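Everything below concerns the one structure shown next.
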Amino acid sequence: MEDSDFLEQEILKRIDEMENQKYEFPKKFSVKDYIITGIVVLICLAMVIYGAFI
Amino acid sequence: MKDVNKQIEKETFFGIAPILKNDKIYGFIDALLILSGYCIATWSYTQGSYLATLVGFKQLLIGAFCGAILMLAIYQLPVILSVRYGIDIWIWLRSVFGKRGVTLMTVVIILINFPWYAVCADLFSSSMENLLKIFGIGLPDFSHTVLAILCVIIGTALAYKGLGTITWTTRILVPLLLLLGVMVVIVGFTSVPFHAIWSYIPERDEGEPDIIPYIISIEANFAFVITLVGGMAEVPRLTKTERSGFWAGVFGQGIAGSFFVVVGAIMAIAMQYVTGEMIDDPTMMLATLSVPALACSSLLLVAFANIGTQAVGSYIYGVMLKSSFKKADYRILILVLAVYVSLLCVWGKIIEYFGSFLTISACIYAPLAALLFTDFFFVRRQKISLRSAFGIKGYNAYSYTYGFNWVGIICVVAGIVMSLAIYNPVSGEIHNMLLFRLTPTGFSFIGTGVLYFIFSLVPPVRKYLLRDREEITI
């Protein structure tokens, strides 16, 4: 079997596993995570704007 | 010859195939340490001393930390796709550029990223010359280029040997760089009065508005961190949660990386206070501000660090090229890269044009990051056809037009034009002061993202972009 066929088969095998109903994905980025990210962005933006005036 | 190629092929394989949940090995701390090490290199000192020519120390601190984290926290959000699906961003980007388009972008990214290694080589050369001068040994002018190329040759030789040697190199490299950084901070703050650094303000041309150098410094910080976009997913795809993958990147690069930029600035400011000249070479600094014997130790640190960075860079980009050009020999690829960076060393002006180089490279990175962000969150809404993305036979949603997604490529070109339309990074001419306040990188990021999103709303374009919807299974 050629290397490229082997790679394709292995990739398909892994995709099949991810499509399995029982497959558990890594813990997702939650709404709370997005809010925290938004707060960090706003604080940094405020500091960058503040920096222009010091 | 075959063994190293086999090893690289195996590495490429594992770099391509999706990482499943059971194969994920990094928690937040592991990923944070690795990503901190990845962005610590002696080029951080060049960035720091460049920023010190633009703004005072307080503004520099704000820009280096808050500016960096601001850009990282936005453009790195799509890294969660790498954790979720266990794939590199370059797999997702096949939906944005097409399979051949991604190969083209990979080559372009390497062409504009590799000058960083010319910066490293130049630093190696300067350190060696300065150290020899301390001991009364003068070198002819041409030796600067020769020493820089020597750094490239030794680094490439290490990369030639493959993964084992690289791993050994980085295990020594990162702690040495950390040690050097701590030494520089201690010497910097103990050898000059605190206020000399804290209250430092650079000399400015009379009549020049203060806001312009400040915006240029924020631009430099944005451009500095956005160059990490190409490799942003390598480690996160191995992390156990989306949150840890994301924050490890943001804080690893935004805090650890920025710390070393500030170290470079402290060094340059302290040297200017003592000698009247802004110098970012740690060898000179340690020799001037402490004892010459300490300069010898910096020789080992800086020399090894720059050679090690050269080796790691050759390896990473050699592997990246090999995943696009499967039949090419890894060793030939890294020799090609070595020739490229050597030519830049011969040109010898990478440090002189450092600020221009940052913004020119960000001209490509900003649109790339914007397209990934917009495509992931707003166009494809976090769903992709993995079979088409991996080019599985019979799944052609991302074939587009002879392998190129012209919408994505047009948006990259538009993003470059947007950046250059407001600011010329070579001459320093500002074409539009209002938009310049967003910084060229910021404006290009926002503008490219908006343009791509608007295109995606046009029905025929939407149909062209989203032919993968029927193949979505996850």
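Chain identifiers are assigned as A, B, and so on, following the order in which chains appear in the structure tokens; residues are numbered from 1 within each chain, and ligands are numbered from 1 in order of appearance.
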With only C-alpha atoms considered, list every residue of chain A at most 8 Å from chain B, as a count of residues only.
26
Would you mind writing down, as a PyMOL selection string, each residue of chain A that DSSP on the backbone assigns to helix (DSSP H, G or I)?
chain A and resi 3-19+31-51
C-alpha atoms of the current selection, written as a compact mmCIF listing (two decimals), in the first residue's frame:
```
# COMPACT_ATOMS: atom_id res chain seq x y z
CA ASP A 3 2.07 5.91 1.91
CA SER A 4 -0.61 8.31 0.62
CA ASP A 5 -3.27 5.55 0.66
CA PHE A 6 -2.23 4.60 4.18
CA LEU A 7 -2.49 8.24 5.30
CA GLU A 8 -5.93 8.61 3.70
CA GLN A 9 -7.18 5.43 5.38
CA GLU A 10 -5.91 6.56 8.76
CA ILE A 11 -7.50 10.01 8.36
CA LEU A 12 -10.84 8.42 7.37
CA LYS A 13 -10.65 6.12 10.37
CA ARG A 14 -10.18 9.09 12.68
CA ILE A 15 -12.98 11.09 11.05
CA ASP A 16 -15.28 8.07 11.43
CA GLU A 17 -14.43 7.93 15.09
CA MET A 18 -15.27 11.62 15.53
CA GLU A 19 -18.62 11.06 13.79
CA VAL A 31 -20.35 31.42 26.81
CA LYS A 32 -18.49 32.33 30.02
CA ASP A 33 -15.17 31.90 28.14
CA TYR A 34 -16.34 34.23 25.37
CA ILE A 35 -17.44 36.82 27.95
CA ILE A 36 -14.08 36.64 29.74
CA THR A 37 -12.30 37.01 26.39
CA GLY A 38 -14.46 40.02 25.59
CA ILE A 39 -13.62 41.62 28.93
CA VAL A 40 -9.88 41.02 28.41
CA VAL A 41 -10.10 42.57 24.93
CA LEU A 42 -11.95 45.62 26.24
CA ILE A 43 -9.51 46.16 29.12
CA CYS A 44 -6.50 45.88 26.79
CA LEU A 45 -8.13 48.21 24.27
CA ALA A 46 -8.84 50.74 27.01
CA MET A 47 -5.22 50.56 28.19
CA VAL A 48 -3.90 51.00 24.64
CA ILE A 49 -6.10 54.08 24.18
CA TYR A 50 -5.07 55.37 27.61
CA GLY A 51 -1.42 54.93 26.63
```
Would you mind listing what lies within 8 Å of B:Ala41 as a JSON list (two decimals) with C-alpha atoms, in the first residue's frame, with only C-alpha atoms counted and same-chain residues fewer than 3 positions away left out?
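Done, and the output landed in part.json:
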```json
[["chain", "number", "residue", "atom", "x", "y", "z"],
["B", 38, "TYR", "CA", 8.43, 29.04, 21.16],
["B", 44, "SER", "CA", 12.68, 39.92, 21.07],
["B", 177, "LEU", "CA", 17.20, 32.14, 27.15],
["B", 305, "ALA", "CA", 20.24, 30.63, 21.50],
["B", 306, "ASN", "CA", 20.62, 32.05, 17.99],
["B", 309, "THR", "CA", 16.53, 29.27, 16.95]]
```
Residues near stretch 426-436 of chain B, anyone? I mean within 9 Å using only C-alpha atoms, not counting same-chain ones fewer than 4 positions away, as a PDB file with all heavy atoms, in the first residue's frame.
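Result file follows (selection-v2.pdb):
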```pdb
ATOM      1  N   ILE B 212       2.007  59.878  16.634  1.00  0.00           N
ATOM      2  CA  ILE B 212       2.457  59.058  15.496  1.00  0.00           C
ATOM      3  C   ILE B 212       3.419  57.959  15.935  1.00  0.00           C
ATOM      4  O   ILE B 212       3.203  56.785  15.628  1.00  0.00           O
ATOM      5  CB  ILE B 212       3.041  59.951  14.377  1.00  0.00           C
ATOM      6  CG1 ILE B 212       1.899  60.751  13.735  1.00  0.00           C
ATOM      7  CG2 ILE B 212       3.755  59.106  13.326  1.00  0.00           C
ATOM      8  CD1 ILE B 212       2.333  61.720  12.680  1.00  0.00           C
ATOM      9  N   ILE B 215       1.427  55.248  17.772  1.00  0.00           N
ATOM     10  CA  ILE B 215       0.664  54.360  16.894  1.00  0.00           C
ATOM     11  C   ILE B 215       1.612  53.394  16.180  1.00  0.00           C
ATOM     12  O   ILE B 215       1.317  52.211  16.038  1.00  0.00           O
ATOM     13  CB  ILE B 215      -0.161  55.170  15.860  1.00  0.00           C
ATOM     14  CG1 ILE B 215      -1.246  55.987  16.578  1.00  0.00           C
ATOM     15  CG2 ILE B 215      -0.808  54.229  14.837  1.00  0.00           C
ATOM     16  CD1 ILE B 215      -1.985  56.946  15.679  1.00  0.00           C
ATOM     17  N   TYR B 353      16.038  47.863   8.365  1.00  0.00           N
ATOM     18  CA  TYR B 353      14.651  47.934   7.891  1.00  0.00           C
ATOM     19  C   TYR B 353      13.719  47.104   8.762  1.00  0.00           C
ATOM     20  O   TYR B 353      12.678  46.650   8.302  1.00  0.00           O
ATOM     21  CB  TYR B 353      14.563  47.442   6.437  1.00  0.00           C
ATOM     22  CG  TYR B 353      15.124  48.433   5.447  1.00  0.00           C
ATOM     23  CD1 TYR B 353      16.411  48.277   4.937  1.00  0.00           C
ATOM     24  CD2 TYR B 353      14.382  49.530   5.035  1.00  0.00           C
ATOM     25  CE1 TYR B 353      16.924  49.186   4.034  1.00  0.00           C
ATOM     26  CE2 TYR B 353      14.893  50.452   4.133  1.00  0.00           C
ATOM     27  CZ  TYR B 353      16.166  50.271   3.643  1.00  0.00           C
ATOM     28  OH  TYR B 353      16.679  51.177   2.738  1.00  0.00           O
ATOM     29  N   GLY B 355      11.600  47.768  11.251  1.00  0.00           N
ATOM     30  CA  GLY B 355      10.217  48.254  11.373  1.00  0.00           C
ATOM     31  C   GLY B 355       9.435  48.013  10.092  1.00  0.00           C
ATOM     32  O   GLY B 355       8.274  47.593  10.116  1.00  0.00           O
ATOM     33  N   SER B 356      10.077  48.280   8.950  1.00  0.00           N
ATOM     34  CA  SER B 356       9.407  48.068   7.649  1.00  0.00           C
ATOM     35  C   SER B 356       9.101  46.595   7.460  1.00  0.00           C
ATOM     36  O   SER B 356       8.013  46.225   7.014  1.00  0.00           O
ATOM     37  CB  SER B 356      10.311  48.529   6.502  1.00  0.00           C
ATOM     38  OG  SER B 356      10.752  49.843   6.726  1.00  0.00           O
ATOM     39  N   PHE B 357      10.070  45.755   7.812  1.00  0.00           N
ATOM     40  CA  PHE B 357       9.908  44.306   7.665  1.00  0.00           C
ATOM     41  C   PHE B 357       8.714  43.815   8.484  1.00  0.00           C
ATOM     42  O   PHE B 357       7.901  43.021   8.008  1.00  0.00           O
ATOM     43  CB  PHE B 357      11.214  43.610   8.088  1.00  0.00           C
ATOM     44  CG  PHE B 357      11.045  42.206   8.600  1.00  0.00           C
ATOM     45  CD1 PHE B 357      10.530  41.215   7.790  1.00  0.00           C
ATOM     46  CD2 PHE B 357      11.409  41.872   9.892  1.00  0.00           C
ATOM     47  CE1 PHE B 357      10.362  39.917   8.253  1.00  0.00           C
ATOM     48  CE2 PHE B 357      11.251  40.572  10.353  1.00  0.00           C
ATOM     49  CZ  PHE B 357      10.731  39.596   9.544  1.00  0.00           C
ATOM     50  N   THR B 359       5.972  45.460   9.390  1.00  0.00           N
ATOM     51  CA  THR B 359       4.689  45.852   8.791  1.00  0.00           C
ATOM     52  C   THR B 359       4.465  45.154   7.461  1.00  0.00           C
ATOM     53  O   THR B 359       3.336  44.777   7.138  1.00  0.00           O
ATOM     54  CB  THR B 359       4.618  47.381   8.647  1.00  0.00           C
ATOM     55  OG1 THR B 359       4.715  47.954   9.941  1.00  0.00           O
ATOM     56  CG2 THR B 359       3.300  47.823   8.027  1.00  0.00           C
ATOM     57  N   ILE B 360       5.518  44.967   6.673  1.00  0.00           N
ATOM     58  CA  ILE B 360       5.346  44.261   5.387  1.00  0.00           C
ATOM     59  C   ILE B 360       4.888  42.835   5.644  1.00  0.00           C
ATOM     60  O   ILE B 360       3.973  42.334   4.980  1.00  0.00           O
ATOM     61  CB  ILE B 360       6.651  44.285   4.558  1.00  0.00           C
ATOM     62  CG1 ILE B 360       6.896  45.706   4.042  1.00  0.00           C
ATOM     63  CG2 ILE B 360       6.587  43.300   3.397  1.00  0.00           C
ATOM     64  CD1 ILE B 360       8.269  45.913   3.437  1.00  0.00           C
ATOM     65  N   LEU B 420      -1.297  48.979   2.910  1.00  0.00           N
ATOM     66  CA  LEU B 420      -0.379  49.888   2.229  1.00  0.00           C
ATOM     67  C   LEU B 420      -1.043  51.206   1.857  1.00  0.00           C
ATOM     68  O   LEU B 420      -0.357  52.215   1.692  1.00  0.00           O
ATOM     69  CB  LEU B 420       0.181  49.208   0.966  1.00  0.00           C
ATOM     70  CG  LEU B 420       1.029  47.956   1.227  1.00  0.00           C
ATOM     71  CD1 LEU B 420       1.418  47.269  -0.070  1.00  0.00           C
ATOM     72  CD2 LEU B 420       2.276  48.298   2.023  1.00  0.00           C
ATOM     73  N   ALA B 421      -2.366  51.182   1.735  1.00  0.00           N
ATOM     74  CA  ALA B 421      -3.076  52.409   1.363  1.00  0.00           C
ATOM     75  C   ALA B 421      -3.022  53.456   2.462  1.00  0.00           C
ATOM     76  O   ALA B 421      -3.113  54.646   2.190  1.00  0.00           O
ATOM     77  CB  ALA B 421      -4.538  52.084   1.024  1.00  0.00           C
ATOM     78  N   ILE B 422      -2.879  53.014   3.708  1.00  0.00           N
ATOM     79  CA  ILE B 422      -2.859  54.017   4.771  1.00  0.00           C
ATOM     80  C   ILE B 422      -1.442  54.323   5.253  1.00  0.00           C
ATOM     81  O   ILE B 422      -1.201  55.365   5.846  1.00  0.00           O
ATOM     82  CB  ILE B 422      -3.765  53.634   5.969  1.00  0.00           C
ATOM     83  CG1 ILE B 422      -3.346  52.329   6.635  1.00  0.00           C
ATOM     84  CG2 ILE B 422      -5.205  53.540   5.530  1.00  0.00           C
ATOM     85  CD1 ILE B 422      -4.084  52.097   7.932  1.00  0.00           C
ATOM     86  N   PRO B 440      -2.037  49.980  10.648  1.00  0.00           N
ATOM     87  CA  PRO B 440      -2.185  49.273   9.368  1.00  0.00           C
ATOM     88  C   PRO B 440      -2.619  47.821   9.565  1.00  0.00           C
ATOM     89  O   PRO B 440      -3.482  47.326   8.845  1.00  0.00           O
ATOM     90  CB  PRO B 440      -0.774  49.345   8.753  1.00  0.00           C
ATOM     91  CG  PRO B 440      -0.166  50.566   9.354  1.00  0.00           C
ATOM     92  CD  PRO B 440      -0.728  50.663  10.746  1.00  0.00           C
ATOM     93  N   GLY B 442      -4.244  46.532  12.219  1.00  0.00           N
ATOM     94  CA  GLY B 442      -5.610  46.531  12.737  1.00  0.00           C
ATOM     95  C   GLY B 442      -6.619  46.805  11.640  1.00  0.00           C
ATOM     96  O   GLY B 442      -7.634  46.103  11.516  1.00  0.00           O
ATOM     97  N   PHE B 443      -6.336  47.825  10.822  1.00  0.00           N
ATOM     98  CA  PHE B 443      -7.256  48.180   9.738  1.00  0.00           C
ATOM     99  C   PHE B 443      -7.354  47.054   8.710  1.00  0.00           C
ATOM    100  O   PHE B 443      -8.450  46.709   8.245  1.00  0.00           O
ATOM    101  CB  PHE B 443      -6.796  49.479   9.060  1.00  0.00           C
ATOM    102  CG  PHE B 443      -7.635  49.878   7.874  1.00  0.00           C
ATOM    103  CD1 PHE B 443      -8.986  50.134   8.026  1.00  0.00           C
ATOM    104  CD2 PHE B 443      -7.088  49.977   6.600  1.00  0.00           C
ATOM    105  CE1 PHE B 443      -9.773  50.486   6.932  1.00  0.00           C
ATOM    106  CE2 PHE B 443      -7.860  50.331   5.506  1.00  0.00           C
ATOM    107  CZ  PHE B 443      -9.211  50.579   5.674  1.00  0.00           C
TER     108      PHE B 443
END
```
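Interatomic distance, atom CA of A:Ser30 to atom CA of B:Arg380: 18.7 Å.
For B:Val79, the non-local neighbours within 10 Å, defined as residues at least 6 positions apart in the same chain or in other chains and counting only C-alpha atoms, are Ile87, Asp88, Ile89, Val229, Met232, Ala233, Glu234, Val235, Pro236, Arg237, Glu242, Arg243, Gly245, Phe246, Trp247, Gly249, Leu372, Phe373 and Phe376 of chain B.
Nearest to B:Met271 of all the residues B:Phe259, B:Phe378, B:Phe189, B:Phe124 is B:Phe189, counting only C-alpha atoms.
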Find the distance between atom CA of B:Val146 and atom CA of B:Trp347 and write it in Å to one decimal.
12.0 Å
Can you tell me, as a PyMOL selection string, what residues are no more than 12 Å from B:Leu335 when counting only C-alpha atoms, ignoring any on the same chain fewer than 3 positions away?
chain B and resi 152-160+311+314-315+317-318+328-332+338-342
Write out as a ChimeraX atom specification which residues come within 8 Å of B:Ile216 when counting only C-alpha atoms, dropping same-chain ones fewer than 4 positions away.
/B:54,212,220,439
Those residues with N, CA and C atoms, as an mmCIF file, in the first residue's frame please?
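Saved file result-v1.cif follows:
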```cif
data_model
loop_
_atom_site.group_PDB
_atom_site.id
_atom_site.type_symbol
_atom_site.label_atom_id
_atom_site.label_comp_id
_atom_site.auth_asym_id
_atom_site.auth_seq_id
_atom_site.Cartn_x
_atom_site.Cartn_y
_atom_site.Cartn_z
ATOM 1 N N LEU B 54 10.925 54.610 19.819
ATOM 2 C CA LEU B 54 9.655 55.231 19.443
ATOM 3 C C LEU B 54 8.953 55.902 20.622
ATOM 4 N N ILE B 212 2.007 59.878 16.634
ATOM 5 C CA ILE B 212 2.457 59.058 15.496
ATOM 6 C C ILE B 212 3.419 57.959 15.935
ATOM 7 N N ALA B 220 3.793 47.994 15.661
ATOM 8 C CA ALA B 220 4.918 47.057 15.782
ATOM 9 C C ALA B 220 4.554 45.906 16.708
ATOM 10 N N THR B 439 -4.108 51.465 13.208
ATOM 11 C CA THR B 439 -2.844 50.811 12.807
ATOM 12 C C THR B 439 -3.063 50.069 11.485
#
```
